[in-house]
Every structure is written in C-alpha cells, then in structure tokens.
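Student: Please find coords_34.pdb (PDB, C-alpha atoms, pLDDT in the B column) on the next line:
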ATOM      1  CA  MET A   1     133.520  24.088-178.318  1.00 43.00           C
ATOM      2  CA  ARG A   2     135.996  25.448-180.821  1.00 48.00           C
ATOM      3  CA  ILE A   3     134.802  26.644-184.155  1.00 48.00           C
ATOM      4  CA  GLY A   4     136.648  27.906-187.185  1.00 48.00           C
ATOM      5  CA  PHE A   5     139.731  25.736-186.634  1.00 48.00           C
ATOM      6  CA  SER A   6     142.276  26.354-189.343  1.00 50.00           C
ATOM      7  CA  TYR A   7     142.602  23.092-191.297  1.00 48.00           C
ATOM      8  CA  ASN A   8     146.128  23.835-192.464  1.00 52.00           C
ATOM      9  CA  ARG A   9     147.505  24.274-188.964  1.00 50.00           C
ATOM     10  CA  PRO A  10     149.873  21.508-187.749  1.00 49.00           C
ATOM     11  CA  MET A  11     148.233  19.151-185.255  1.00 46.00           C
ATOM     12  CA  HIS A  12     151.008  19.543-182.693  1.00 46.00           C
ATOM     13  CA  GLU A  13     150.594  23.298-182.464  1.00 50.00           C
ATOM     14  CA  HIS A  14     148.849  24.691-179.388  1.00 50.00           C
ATOM     15  CA  ALA A  15     145.103  24.511-179.879  1.00 66.00           C
ATOM     16  CA  ALA A  16     144.609  28.233-179.472  1.00 88.00           C
ATOM     17  CA  SER A  17     147.209  30.953-179.665  1.00 94.00           C
ATOM     18  CA  ILE A  18     147.415  34.659-180.358  1.00 96.00           C
ATOM     19  CA  GLN A  19     150.089  37.052-181.560  1.00 97.00           C
ATOM     20  CA  LEU A  20     151.099  39.499-178.850  1.00 98.00           C
ATOM     21  CA  VAL A  21     152.618  42.784-180.026  1.00 98.00           C
ATOM     22  CA  PHE A  22     154.300  45.344-177.769  1.00 98.00           C
ATOM     23  CA  LEU A  23     155.041  48.817-179.068  1.00 98.00           C
ATOM     24  CA  ALA A  24     157.142  51.880-178.290  1.00 98.00           C
ATOM     25  CA  ARG A  25     158.097  52.238-174.611  1.00 96.00           C
ATOM     26  CA  LEU A  26     156.441  48.935-173.655  1.00 98.00           C
ATOM     27  CA  ARG A  27     158.418  47.034-176.302  1.00 98.00           C
ATOM     28  CA  GLU A  28     161.616  48.519-174.906  1.00 97.00           C
ATOM     29  CA  ARG A  29     160.759  47.818-171.280  1.00 97.00           C
ATOM     30  CA  PHE A  30     159.653  44.229-171.934  1.00 97.00           C
ATOM     31  CA  GLY A  31     162.446  43.572-174.407  1.00 97.00           C
ATOM     32  CA  ILE A  32     159.879  41.874-176.670  1.00 97.00           C
ATOM     33  CA  ALA A  33     158.365  43.150-179.919  1.00 98.00           C
ATOM     34  CA  ARG A  34     156.185  40.171-180.803  1.00 97.00           C
ATOM     35  CA  GLU A  35     155.493  36.718-179.428  1.00 97.00           C
ATOM     36  CA  THR A  36     153.114  33.807-179.946  1.00 97.00           C
ATOM     37  CA  TYR A  37     151.096  33.358-176.785  1.00 96.00           C
ATOM     38  CA  PRO A  38     148.792  30.457-175.833  1.00 94.00           C
ATOM     39  CA  LEU A  39     145.234  31.622-175.247  1.00 90.00           C
ATOM     40  CA  PRO A  40     144.353  30.675-171.627  1.00 81.00           C
ATOM     41  CA  VAL A  41     140.809  29.667-172.591  1.00 86.00           C
ATOM     42  CA  GLU A  42     138.814  30.102-175.765  1.00 83.00           C
ATOM     43  CA  GLN A  43     137.291  33.617-175.812  1.00 87.00           C
ATOM     44  CA  ALA A  44     139.449  34.805-172.918  1.00 93.00           C
ATOM     45  CA  SER A  45     138.827  38.443-172.093  1.00 96.00           C
ATOM     46  CA  VAL A  46     141.455  41.125-172.487  1.00 97.00           C
ATOM     47  CA  ALA A  47     141.316  41.535-168.696  1.00 96.00           C
ATOM     48  CA  MET A  48     142.183  37.841-168.251  1.00 96.00           C
ATOM     49  CA  LEU A  49     145.112  38.116-170.647  1.00 96.00           C
ATOM     50  CA  LEU A  50     146.446  41.192-168.828  1.00 97.00           C
ATOM     51  CA  SER A  51     146.151  39.368-165.519  1.00 96.00           C
ATOM     52  CA  GLN A  52     148.243  36.498-166.916  1.00 96.00           C
ATOM     53  CA  LEU A  53     150.860  38.872-168.272  1.00 97.00           C
ATOM     54  CA  ARG A  54     151.100  40.671-164.911  1.00 97.00           C
ATOM     55  CA  ALA A  55     151.828  37.303-163.325  1.00 96.00           C
ATOM     56  CA  ARG A  56     155.131  37.300-165.227  1.00 95.00           C
ATOM     57  CA  GLY A  57     156.198  39.818-162.583  1.00 93.00           C
ATOM     58  CA  LYS A  58     158.774  42.607-162.696  1.00 95.00           C
ATOM     59  CA  VAL A  59     158.287  45.026-165.601  1.00 97.00           C
ATOM     60  CA  PHE A  60     155.096  43.290-166.734  1.00 98.00           C
ATOM     61  CA  ALA A  61     153.459  43.661-163.306  1.00 97.00           C
ATOM     62  CA  GLU A  62     154.674  47.251-163.118  1.00 97.00           C
ATOM     63  CA  GLU A  63     153.744  48.501-166.583  1.00 97.00           C
ATOM     64  CA  LEU A  64     150.421  46.663-166.851  1.00 97.00           C
ATOM     65  CA  ALA A  65     149.282  47.456-163.300  1.00 95.00           C
ATOM     66  CA  GLU A  66     145.711  48.672-162.798  1.00 91.00           C
ATOM     67  CA  GLY A  67     145.570  52.408-163.327  1.00 89.00           C
ATOM     68  CA  ARG A  68     148.593  52.577-165.627  1.00 93.00           C
ATOM     69  CA  ALA A  69     147.943  54.289-168.936  1.00 93.00           C
ATOM     70  CA  PHE A  70     148.139  51.807-171.801  1.00 96.00           C
ATOM     71  CA  ARG A  71     145.869  50.695-174.626  1.00 97.00           C
ATOM     72  CA  VAL A  72     144.983  47.278-176.008  1.00 98.00           C
ATOM     73  CA  ALA A  73     144.097  46.775-179.674  1.00 98.00           C
ATOM     74  CA  VAL A  74     142.753  43.506-181.070  1.00 98.00           C
ATOM     75  CA  ASN A  75     143.230  43.109-184.818  1.00 98.00           C
ATOM     76  CA  HIS A  76     144.079  46.835-185.096  1.00 98.00           C
ATOM     77  CA  THR A  77     141.054  48.131-183.180  1.00 97.00           C
ATOM     78  CA  VAL A  78     141.270  49.502-179.636  1.00 97.00           C
ATOM     79  CA  VAL A  79     139.085  47.419-177.316  1.00 97.00           C
ATOM     80  CA  SER A  80     137.863  47.458-173.714  1.00 96.00           C
ATOM     81  CA  PRO A  81     138.908  44.962-170.993  1.00 95.00           C
ATOM     82  CA  ASP A  82     135.795  42.801-171.472  1.00 96.00           C
ATOM     83  CA  HIS A  83     136.545  42.176-175.167  1.00 97.00           C
ATOM     84  CA  ALA A  84     136.739  38.442-175.980  1.00 96.00           C
ATOM     85  CA  ILE A  85     139.969  37.334-177.662  1.00 97.00           C
ATOM     86  CA  ARG A  86     139.867  34.533-180.240  1.00 95.00           C
ATOM     87  CA  SER A  87     142.511  32.189-181.503  1.00 94.00           C
ATOM     88  CA  GLY A  88     144.595  33.822-184.218  1.00 95.00           C
ATOM     89  CA  ASP A  89     143.934  37.372-183.026  1.00 97.00           C
ATOM     90  CA  GLU A  90     146.726  39.944-183.001  1.00 98.00           C
ATOM     91  CA  VAL A  91     146.688  41.656-179.624  1.00 98.00           C
ATOM     92  CA  ALA A  92     148.776  44.819-179.319  1.00 98.00           C
ATOM     93  CA  ILE A  93     149.552  46.602-176.068  1.00 98.00           C
ATOM     94  CA  PHE A  94     150.948  50.118-176.260  1.00 98.00           C
ATOM     95  CA  PRO A  95     151.291  53.451-174.422  1.00 97.00           C
ATOM     96  CA  PRO A  96     149.003  56.416-175.136  1.00 97.00           C
ATOM     97  CA  VAL A  97     149.828  57.718-178.603  1.00 97.00           C
ATOM     98  CA  THR A  98     151.970  60.804-179.227  1.00 97.00           C
ATOM     99  CA  GLY A  99     151.962  61.414-182.984  1.00 96.00           C
ATOM    100  CA  GLY A 100     151.175  64.532-184.984  1.00 95.00           C
TER
ATOM    101  CA  MET B   1     135.011  60.836-202.164  1.00 90.00           C
ATOM    102  CA  THR B   2     138.441  59.470-201.418  1.00 95.00           C
ATOM    103  CA  HIS B   3     140.503  59.353-198.253  1.00 97.00           C
ATOM    104  CA  PHE B   4     144.202  59.364-199.040  1.00 98.00           C
ATOM    105  CA  VAL B   5     146.377  58.110-196.172  1.00 98.00           C
ATOM    106  CA  ARG B   6     150.154  57.708-196.336  1.00 98.00           C
ATOM    107  CA  VAL B   7     152.805  56.859-193.753  1.00 98.00           C
ATOM    108  CA  GLN B   8     156.302  57.541-195.062  1.00 98.00           C
ATOM    109  CA  THR B   9     159.857  58.449-194.112  1.00 98.00           C
ATOM    110  CA  ALA B  10     160.181  60.945-196.990  1.00 98.00           C
ATOM    111  CA  ASP B  11     159.310  64.627-196.715  1.00 98.00           C
ATOM    112  CA  PHE B  12     156.259  66.044-198.491  1.00 98.00           C
ATOM    113  CA  ASP B  13     155.478  69.167-200.516  1.00 98.00           C
ATOM    114  CA  LEU B  14     152.289  71.014-199.539  1.00 98.00           C
ATOM    115  CA  GLY B  15     151.876  72.590-202.987  1.00 98.00           C
ATOM    116  CA  VAL B  16     152.119  69.264-204.787  1.00 98.00           C
ATOM    117  CA  GLU B  17     149.772  67.543-202.340  1.00 98.00           C
ATOM    118  CA  VAL B  18     147.079  70.225-202.513  1.00 98.00           C
ATOM    119  CA  ALA B  19     147.305  70.415-206.311  1.00 98.00           C
ATOM    120  CA  THR B  20     146.803  66.643-206.470  1.00 97.00           C
ATOM    121  CA  LEU B  21     143.909  66.749-203.998  1.00 97.00           C
ATOM    122  CA  ARG B  22     141.896  69.306-205.970  1.00 96.00           C
ATOM    123  CA  ALA B  23     142.986  68.301-209.485  1.00 95.00           C
ATOM    124  CA  GLY B  24     140.139  68.160-211.965  1.00 94.00           C
ATOM    125  CA  ASN B  25     137.362  68.966-209.505  1.00 97.00           C
ATOM    126  CA  PRO B  26     135.800  72.365-210.306  1.00 97.00           C
ATOM    127  CA  GLY B  27     133.384  71.857-207.409  1.00 97.00           C
ATOM    128  CA  VAL B  28     136.195  72.462-204.917  1.00 98.00           C
ATOM    129  CA  GLY B  29     135.798  75.933-203.458  1.00 98.00           C
ATOM    130  CA  ALA B  30     138.022  75.465-200.435  1.00 98.00           C
ATOM    131  CA  VAL B  31     141.059  73.517-199.331  1.00 98.00           C
ATOM    132  CA  ALA B  32     142.125  73.683-195.684  1.00 98.00           C
ATOM    133  CA  SER B  33     145.446  72.219-194.631  1.00 98.00           C
ATOM    134  CA  PHE B  34     147.518  71.775-191.498  1.00 98.00           C
ATOM    135  CA  ILE B  35     151.231  71.014-191.191  1.00 98.00           C
ATOM    136  CA  GLY B  36     152.846  69.864-187.957  1.00 98.00           C
ATOM    137  CA  CYS B  37     156.597  70.481-187.531  1.00 97.00           C
ATOM    138  CA  VAL B  38     159.360  69.350-185.187  1.00 97.00           C
ATOM    139  CA  ARG B  39     160.186  72.004-182.595  1.00 95.00           C
ATOM    140  CA  ASP B  40     163.558  72.395-180.894  1.00 95.00           C
ATOM    141  CA  LEU B  41     161.976  72.658-177.441  1.00 93.00           C
ATOM    142  CA  ASN B  42     159.600  70.369-175.522  1.00 90.00           C
ATOM    143  CA  ASP B  43     158.676  70.423-171.826  1.00 86.00           C
ATOM    144  CA  GLY B  44     161.445  72.939-171.199  1.00 88.00           C
ATOM    145  CA  ASP B  45     164.237  70.842-172.705  1.00 91.00           C
ATOM    146  CA  ALA B  46     166.182  71.371-175.906  1.00 94.00           C
ATOM    147  CA  VAL B  47     165.309  68.748-178.507  1.00 94.00           C
ATOM    148  CA  SER B  48     167.996  67.866-181.027  1.00 95.00           C
ATOM    149  CA  GLY B  49     165.988  65.235-182.879  1.00 96.00           C
ATOM    150  CA  MET B  50     163.360  62.553-182.584  1.00 97.00           C
ATOM    151  CA  PHE B  51     162.410  59.124-183.836  1.00 97.00           C
ATOM    152  CA  LEU B  52     158.813  58.399-184.747  1.00 98.00           C
ATOM    153  CA  GLU B  53     157.506  54.860-184.760  1.00 98.00           C
ATOM    154  CA  HIS B  54     154.043  53.518-185.568  1.00 98.00           C
ATOM    155  CA  TYR B  55     152.010  50.334-185.694  1.00 98.00           C
ATOM    156  CA  PRO B  56     151.828  49.403-189.393  1.00 98.00           C
ATOM    157  CA  GLY B  57     148.391  48.245-190.414  1.00 97.00           C
ATOM    158  CA  MET B  58     146.553  49.787-187.506  1.00 98.00           C
ATOM    159  CA  THR B  59     147.876  53.254-188.353  1.00 98.00           C
ATOM    160  CA  GLU B  60     146.471  53.300-191.870  1.00 98.00           C
ATOM    161  CA  ARG B  61     143.186  51.778-190.684  1.00 98.00           C
ATOM    162  CA  GLU B  62     142.799  54.299-187.855  1.00 98.00           C
ATOM    163  CA  LEU B  63     143.638  57.310-190.047  1.00 98.00           C
ATOM    164  CA  THR B  64     141.161  56.187-192.706  1.00 98.00           C
ATOM    165  CA  GLN B  65     138.436  55.757-190.085  1.00 98.00           C
ATOM    166  CA  ILE B  66     139.106  59.249-188.702  1.00 98.00           C
ATOM    167  CA  CYS B  67     138.757  60.714-192.207  1.00 98.00           C
ATOM    168  CA  GLU B  68     135.546  58.716-192.777  1.00 98.00           C
ATOM    169  CA  THR B  69     134.136  60.077-189.525  1.00 98.00           C
ATOM    170  CA  ALA B  70     134.983  63.629-190.597  1.00 98.00           C
ATOM    171  CA  ALA B  71     133.433  63.110-194.028  1.00 98.00           C
ATOM    172  CA  ALA B  72     130.235  61.809-192.432  1.00 98.00           C
ATOM    173  CA  ARG B  73     130.020  64.898-190.272  1.00 98.00           C
ATOM    174  CA  TRP B  74     130.959  67.658-192.713  1.00 98.00           C
ATOM    175  CA  SER B  75     130.424  68.129-196.419  1.00 98.00           C
ATOM    176  CA  VAL B  76     133.843  67.417-197.929  1.00 98.00           C
ATOM    177  CA  PHE B  77     135.166  66.070-201.218  1.00 98.00           C
ATOM    178  CA  ASP B  78     138.477  64.404-200.393  1.00 98.00           C
ATOM    179  CA  THR B  79     140.781  64.138-197.403  1.00 98.00           C
ATOM    180  CA  LEU B  80     144.525  63.588-197.198  1.00 98.00           C
ATOM    181  CA  VAL B  81     146.767  62.597-194.303  1.00 98.00           C
ATOM    182  CA  VAL B  82     150.528  62.210-194.738  1.00 98.00           C
ATOM    183  CA  HIS B  83     152.453  61.281-191.589  1.00 98.00           C
ATOM    184  CA  ARG B  84     156.206  60.812-191.483  1.00 98.00           C
ATOM    185  CA  VAL B  85     158.013  58.183-189.403  1.00 98.00           C
ATOM    186  CA  GLY B  86     161.664  57.486-188.640  1.00 98.00           C
ATOM    187  CA  ALA B  87     164.361  59.995-187.716  1.00 98.00           C
ATOM    188  CA  LEU B  88     163.336  63.669-187.781  1.00 98.00           C
ATOM    189  CA  GLN B  89     165.007  66.899-186.747  1.00 97.00           C
ATOM    190  CA  PRO B  90     163.840  70.346-185.639  1.00 97.00           C
ATOM    191  CA  LEU B  91     162.381  72.268-188.619  1.00 97.00           C
ATOM    192  CA  ASP B  92     161.285  69.029-190.300  1.00 98.00           C
ATOM    193  CA  GLN B  93     157.647  68.588-191.266  1.00 98.00           C
ATOM    194  CA  ILE B  94     155.942  65.682-189.455  1.00 98.00           C
ATOM    195  CA  VAL B  95     152.337  65.617-190.561  1.00 98.00           C
ATOM    196  CA  LEU B  96     150.042  67.037-193.215  1.00 98.00           C
ATOM    197  CA  VAL B  97     146.251  67.048-193.153  1.00 98.00           C
ATOM    198  CA  ALA B  98     144.344  68.548-196.085  1.00 98.00           C
ATOM    199  CA  VAL B  99     140.626  68.625-196.836  1.00 98.00           C
ATOM    200  CA  SER B 100     138.824  69.812-199.960  1.00 98.00           C
ATOM    201  CA  SER B 101     135.214  70.955-199.918  1.00 98.00           C
ATOM    202  CA  ALA B 102     132.801  73.353-201.577  1.00 98.00           C
ATOM    203  CA  HIS B 103     132.995  75.888-198.760  1.00 98.00           C
ATOM    204  CA  ARG B 104     135.592  76.897-196.187  1.00 98.00           C
ATOM    205  CA  GLY B 105     133.606  76.132-193.029  1.00 98.00           C
ATOM    206  CA  ASP B 106     133.439  72.403-193.720  1.00 98.00           C
ATOM    207  CA  ALA B 107     137.085  72.308-194.820  1.00 98.00           C
ATOM    208  CA  PHE B 108     138.356  74.138-191.719  1.00 98.00           C
ATOM    209  CA  ARG B 109     136.349  72.061-189.255  1.00 98.00           C
ATOM    210  CA  ALA B 110     137.039  68.705-190.874  1.00 98.00           C
ATOM    211  CA  CYS B 111     140.774  69.488-191.018  1.00 98.00           C
ATOM    212  CA  GLU B 112     140.947  70.434-187.342  1.00 98.00           C
ATOM    213  CA  PHE B 113     138.827  67.434-186.334  1.00 98.00           C
ATOM    214  CA  ILE B 114     141.077  65.004-188.230  1.00 98.00           C
ATOM    215  CA  MET B 115     144.167  66.501-186.611  1.00 98.00           C
ATOM    216  CA  ASP B 116     142.680  66.403-183.093  1.00 97.00           C
ATOM    217  CA  TYR B 117     141.614  62.788-183.492  1.00 97.00           C
ATOM    218  CA  LEU B 118     144.932  61.819-185.055  1.00 98.00           C
ATOM    219  CA  LYS B 119     146.747  63.156-181.979  1.00 97.00           C
ATOM    220  CA  THR B 120     144.764  60.936-179.601  1.00 96.00           C
ATOM    221  CA  ARG B 121     143.976  57.841-181.700  1.00 97.00           C
ATOM    222  CA  ALA B 122     146.513  57.158-184.429  1.00 98.00           C
ATOM    223  CA  PRO B 123     149.228  54.769-183.172  1.00 98.00           C
ATOM    224  CA  PHE B 124     152.355  56.903-183.482  1.00 98.00           C
ATOM    225  CA  TRP B 125     154.957  57.398-180.748  1.00 98.00           C
ATOM    226  CA  LYS B 126     157.784  59.927-180.490  1.00 97.00           C
ATOM    227  CA  ARG B 127     161.132  59.324-178.855  1.00 97.00           C
ATOM    228  CA  GLU B 128     163.027  62.585-178.559  1.00 96.00           C
ATOM    229  CA  ALA B 129     166.698  63.286-177.988  1.00 95.00           C
ATOM    230  CA  THR B 130     167.548  65.882-175.315  1.00 93.00           C
ATOM    231  CA  PRO B 131     170.827  66.867-173.612  1.00 92.00           C
ATOM    232  CA  ALA B 132     169.855  64.507-170.752  1.00 91.00           C
ATOM    233  CA  GLY B 133     169.404  61.558-173.126  1.00 93.00           C
ATOM    234  CA  SER B 134     166.521  60.237-175.173  1.00 95.00           C
ATOM    235  CA  ARG B 135     163.009  59.831-173.778  1.00 95.00           C
ATOM    236  CA  TRP B 136     159.547  58.775-174.915  1.00 96.00           C
ATOM    237  CA  VAL B 137     157.208  61.726-175.237  1.00 95.00           C
ATOM    238  CA  GLU B 138     154.303  61.511-172.788  1.00 92.00           C
ATOM    239  CA  ALA B 139     150.710  61.920-173.954  1.00 90.00           C
ATOM    240  CA  ARG B 140     149.151  65.291-173.070  1.00 89.00           C
ATOM    241  CA  ALA B 141     145.831  65.858-171.325  1.00 89.00           C
ATOM    242  CA  SER B 142     145.396  68.948-173.525  1.00 91.00           C
ATOM    243  CA  ASP B 143     145.287  66.676-176.599  1.00 93.00           C
ATOM    244  CA  ASP B 144     142.519  64.579-175.013  1.00 91.00           C
ATOM    245  CA  ALA B 145     140.632  67.785-174.234  1.00 92.00           C
ATOM    246  CA  ALA B 146     141.030  69.001-177.823  1.00 93.00           C
ATOM    247  CA  ALA B 147     139.590  65.751-179.185  1.00 94.00           C
ATOM    248  CA  ALA B 148     136.779  65.723-176.611  1.00 93.00           C
ATOM    249  CA  ARG B 149     135.559  69.127-177.815  1.00 94.00           C
ATOM    250  CA  TRP B 150     134.145  67.482-180.936  1.00 94.00           C
ATOM    251  CA  THR B 151     131.788  65.267-178.938  1.00 89.00           C
ATOM    252  CA  ASP B 152     130.312  68.285-177.144  1.00 76.00           C
ATOM    253  CA  THR B 153     127.692  69.227-179.734  1.00 62.00           C
ATOM    254  CA  SER B 154     126.769  72.435-177.927  1.00 55.00           C
ATOM    255  CA  ALA B 155     130.298  73.753-178.377  1.00 52.00           C
ATOM    256  CA  VAL B 156     130.950  72.970-182.043  1.00 51.00           C
ATOM    257  CA  ALA B 157     128.659  73.586-184.986  1.00 48.00           C
TER
END
How does this structure look as structure tokens?
Tutor:
Amino acid sequence: MRIGFSYNRPMHEHAASIQLVFLARLRERFGIARETYPLPVEQASVAMLLSQLRARGKVFAEELAEGRAFRVAVNHTVVSPDHAIRSGDEVAIFPPVTGG
Amino acid sequence: MTHFVRVQTADFDLGVEVATLRAGNPGVGAVASFIGCVRDLNDGDAVSGMFLEHYPGMTERELTQICETAAARWSVFDTLVVHRVGALQPLDQIVLVAVSSAHRGDAFRACEFIMDYLKTRAPFWKREATPAGSRWVEARASDDAAAARWTDTSAVA
C-alpha cells in the first residue's frame, strides 16, 4: 500500500522512483553523476538496491562488490544496508571521504 | 550559540574569521583554531595540485551536525568551519576550524574533535595531480583511528 503519493506527479511516471547520485571516483568509473531509478519495491532496502546495481555487471559489480569500501547516504544521511528506501529519496553512493 | 559552516572556492583569512567569531562577546576567553594546508608530497609522490569536490547539501548538513555534537560535549560559544573546494595548489589553505569558549580546554578539544570527525564524515574527496598522472586520494586508517579516540571515554576527558 503506497502512502504519500505526490498529487502533482504525472500519471504515466513510474509509480516509485528515486534519485541515484554517484560521487568522486565512483561517478568517474560509472560514467554517471545522477539518474532517476525505479524503486524495485516500495520500501526496498539499501542492500536490495545495491544487489540490483551489481546486476548491471562490469564496473558496477566490481565497485559495489561485498567488502569494497563505499558509503550510502539517503537524503544526505549515511545509512546501513537494512535502511528502507522510499519513493522520492535521494540515494548517494560514494567512496570513503578524504577532505580536510 | 551559532555554528557557522561555509564551503567555498575562495581563500580565507584567519584573522578576519576569528575576529568575526568573537566579535562583541566579552565572555570569550579562548579561541582555538586549526588550518589544514595542501602539501607538495603525499604517499611518497610529488603533488603539483589537487581538485576537491564535495556533495552539496550533505556537506553543510554533516558539518553542522559535527559542530552540534561538539557543542553538546564541551562548553563552547560558537564554532566555525570553512572548507575550500575546487582547484588547489601546494601552500594553499584547505580548511579552517575555529571554536570560541570561556576557557582553553573546551576550545582545544572541541576544535580537534570537529577536525577529526570532518576527516572521516564530511563528504569531500581529493583528486591529486602527481608526475604519474592524477589519482583519487585514498582514505587513511589513521584518520578513522583519530576519530575513534573520541568515543573511548577512558582516553579523552
């Protein structure tokens, strides 16, 4: 059951989608900075999303493999793999930070 | 109490920033500050320059949260973080952290805490130019260890 559907969203648009953001080295390797991505199921976990992205193969399977160091932030907050993603969320995937 | 957080390409002036931070507050007895600079050597290779990128929106949010955490832990008046992005060269300033408080102990500790957490949590990434080409800087285990010190309450007052 979906709740909080945006009334001003066109009817033909995918029922549930998120904004995927790739940063720094991952953006370069994937050749993508930002994309609209259909949510596999409502409240899909971060782990489920990563599994789907790995299925793209090549650099995605390599960079997002289990044990590789990367972080996932949902709506600007770093989350764990069991975090539930909702339609409209901005999900960013990036390498460990190196500022300062 | 205010947490001032800025991400900018422009350089900054420590004197101006500290004067602004403590302006009009006679309760300030201490200001501690830290400046990070671009070195010309990293991991044994000459570095001729670097490019810093960040994740707009999350960066400001994360830096503000780090300052709020510091202010909840130590007695401070105001905090300031200025972090530069874009193209930088050796000798350039990268980051400034400044904390005002009544006494030096709180200012010193809060300043170091903010810097340690910034290094491991704020979404900035460095790409550095070396004679062998440009490369993304790898995260350091020593930075994780520095941040972890603050959760060991037996080690830090």
Student: What residues in chain B lie within 8 Å of chain A, counting all atoms listed in the file, written as a list in words?
Tutor: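 Putting it all together, I get Gly36, Leu52, Glu53, Tyr55, Gly57, Met58, Arg61, Glu62, His83, Ile94, Val95, Met115, Leu118, Lys119, Thr120, Arg121, Ala122, Pro123, Phe124, Trp125, Lys126, Trp136, Val137, Glu138 and Ala139 of chain B.
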Student: For the residues in that selection, give me C-alpha atoms as a compact mmCIF listing (two decimals), in the frame of the given file.
Tutor:
# COMPACT_ATOMS: atom_id res chain seq x y z
CA GLY B 36 152.85 69.86 -187.96
CA LEU B 52 158.81 58.40 -184.75
CA GLU B 53 157.51 54.86 -184.76
CA TYR B 55 152.01 50.33 -185.69
CA GLY B 57 148.39 48.24 -190.41
CA MET B 58 146.55 49.79 -187.51
CA ARG B 61 143.19 51.78 -190.68
CA GLU B 62 142.80 54.30 -187.86
CA HIS B 83 152.45 61.28 -191.59
CA ILE B 94 155.94 65.68 -189.46
CA VAL B 95 152.34 65.62 -190.56
CA MET B 115 144.17 66.50 -186.61
CA LEU B 118 144.93 61.82 -185.06
CA LYS B 119 146.75 63.16 -181.98
CA THR B 120 144.76 60.94 -179.60
CA ARG B 121 143.98 57.84 -181.70
CA ALA B 122 146.51 57.16 -184.43
CA PRO B 123 149.23 54.77 -183.17
CA PHE B 124 152.35 56.90 -183.48
CA TRP B 125 154.96 57.40 -180.75
CA LYS B 126 157.78 59.93 -180.49
CA TRP B 136 159.55 58.78 -174.92
CA VAL B 137 157.21 61.73 -175.24
CA GLU B 138 154.30 61.51 -172.79
CA ALA B 139 150.71 61.92 -173.95
Student: I'd like to see the residues matched by the PyMOL selection byres ((chain B and resi 130) around 10) on this file, and ideally I'd get them as a PDB file with C-alpha atoms, in the frame of the given file.
Tutor:
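Generated output (expr.pdb):
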ATOM      1  CA  ASP B  40     163.558  72.395-180.894  1.00 95.00           C
ATOM      2  CA  LEU B  41     161.976  72.658-177.441  1.00 93.00           C
ATOM      3  CA  ASN B  42     159.600  70.369-175.522  1.00 90.00           C
ATOM      4  CA  ASP B  45     164.237  70.842-172.705  1.00 91.00           C
ATOM      5  CA  ALA B  46     166.182  71.371-175.906  1.00 94.00           C
ATOM      6  CA  VAL B  47     165.309  68.748-178.507  1.00 94.00           C
ATOM      7  CA  SER B  48     167.996  67.866-181.027  1.00 95.00           C
ATOM      8  CA  GLY B  49     165.988  65.235-182.879  1.00 96.00           C
ATOM      9  CA  MET B  50     163.360  62.553-182.584  1.00 97.00           C
ATOM     10  CA  ARG B 127     161.132  59.324-178.855  1.00 97.00           C
ATOM     11  CA  GLU B 128     163.027  62.585-178.559  1.00 96.00           C
ATOM     12  CA  ALA B 129     166.698  63.286-177.988  1.00 95.00           C
ATOM     13  CA  PRO B 131     170.827  66.867-173.612  1.00 92.00           C
ATOM     14  CA  ALA B 132     169.855  64.507-170.752  1.00 91.00           C
ATOM     15  CA  GLY B 133     169.404  61.558-173.126  1.00 93.00           C
ATOM     16  CA  SER B 134     166.521  60.237-175.173  1.00 95.00           C
ATOM     17  CA  ARG B 135     163.009  59.831-173.778  1.00 95.00           C
TER      18      ARG B 135
END
Student: In Å, rounded to a single decimal, give me how far CA of Gln8 in chain B is from CA of Gly105 in chain B.
Tutor: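 Between these atoms lies a distance of 29.4 Å.
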Student: Starting from the PyMOL selection byres ((chain B and resi 6) around 8), expand the selection into actual residues of this file and give them as a list in words.
Tutor: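 Evaluating the PyMOL selection byres ((chain B and resi 6) around 8) on these coordinates yields Phe4, Val5, Val7, Gln8, Glu60, Val81, Val82 and His83 of chain B.
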Student: Expand the PyMOL selection byres ((chain B and resi 19) around 12) into the explicit residue set it covers here, and present it as a list in words.
Tutor: Asp13, Leu14, Gly15, Val16, Glu17, Val18, Thr20, Leu21, Arg22, Ala23, Gly24, Asn25, Val28, Val31, Ser33, Leu80, Ala98, Val99 and Ser100 of chain B
Student: Can you work out which one of A:Val41, A:Ala61, A:Val46, A:Thr36 has the shortest atom-to-atom distance to His83 in chain A, counting all atoms listed in the file?
Tutor: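 Looking at the shortest contact to His83 in chain A, the residue is A:Val46.
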Student: Could you pull out every residue with an atom within 8 Å of (137.3, 37.4, -176.6), file coordinates, counting only C-alpha atoms, and send them as a compact mmCIF listing (two decimals) with C-alpha atoms, in the frame of the given file?
Tutor:
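Wrote out19.txt, looks like this:
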# COMPACT_ATOMS: atom_id res chain seq x y z
CA GLU A 42 138.81 30.10 -175.76
CA GLN A 43 137.29 33.62 -175.81
CA ALA A 44 139.45 34.80 -172.92
CA SER A 45 138.83 38.44 -172.09
CA VAL A 46 141.46 41.12 -172.49
CA ASP A 82 135.79 42.80 -171.47
CA HIS A 83 136.54 42.18 -175.17
CA ALA A 84 136.74 38.44 -175.98
CA ILE A 85 139.97 37.33 -177.66
CA ARG A 86 139.87 34.53 -180.24
Student: So that I can check the surroundings of Arg29 in chain A, please list as a ChimeraX atom specification every protein, DNA and RNA residue that reaches within 9 Å of it, counting all atoms listed in the file and ignoring chain neighbours fewer than 5 positions away.
Tutor: /A:24,59-60,63
Student: Output C-alpha atoms for every residue in that selection, as a PDB file, in the coordinates of the input.
Tutor:
ATOM      1  CA  ALA A  24     157.142  51.880-178.290  1.00 98.00           C
ATOM      2  CA  VAL A  59     158.287  45.026-165.601  1.00 97.00           C
ATOM      3  CA  PHE A  60     155.096  43.290-166.734  1.00 98.00           C
ATOM      4  CA  GLU A  63     153.744  48.501-166.583  1.00 97.00           C
TER       5      GLU A  63
END
Student: Just the number, please: distance in Å from CA of Ala70 in chain B to CA of Ala107 in chain B, one decimal.
Tutor: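 According to the coordinates, CA of Ala70 in chain B and CA of Ala107 in chain B are separated by 9.9 Å.
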Student: What's the separation between CA of Tyr117 in chain B and CA of Gly44 in chain B, in Å to one decimal place?
Tutor: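 That distance, rounded to one decimal, is 25.4 Å.
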Student: Could you check which of A:Glu66, A:Asp89, A:Arg54, A:Leu49 is closest to Ala16 in chain A, using all atoms listed in the file?
Tutor: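 For Ala16 in chain A, the nearest of the candidates is A:Asp89.
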Student: Go through A:Ser51, A:Lys58, A:Arg27, A:Val72 and flag the residue nearest Val91 in chain A, using all atoms listed in the file for the distances.
Tutor: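 Among the listed residues, A:Val72 lies closest to Val91 in chain A.
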Student: Between B:Glu68, B:Asp92, B:Asp78, B:Asp116, which has the minimum distance to Arg39 in chain B (counting only C-alpha atoms)?
Tutor: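 Smallest separation from Arg39 in chain B among the options: B:Asp92.
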Student: Looking at B:Thr64, B:Ser101, B:Thr9, B:Gln93, which one is nearest to Val76 in chain B, with distances taken over all atoms listed in the file?
Tutor: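 When distances to Val76 in chain B are compared using all atoms listed in the file, the smallest one comes from B:Ser101.
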Student: Any chance you could work out the axis-aligned box around range 45-49 of chain B, listed atoms only, 5 Å on each side, giving centre and edge lengths in Å to one decimal, as AutoDock Vina command-line options?
Tutor:
--center_x 166.1 --center_y 68.3 --center_z -177.8 --size_x 13.8 --size_y 16.1 --size_z 20.2
Student: Go through B:Thr151, B:Ala72, B:Gly86, B:Arg140 and flag the residue nearest Ala110 in chain B, using all atoms listed in the file for the distances.
Tutor: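 So, comparing all the options, the nearest one is B:Ala72.
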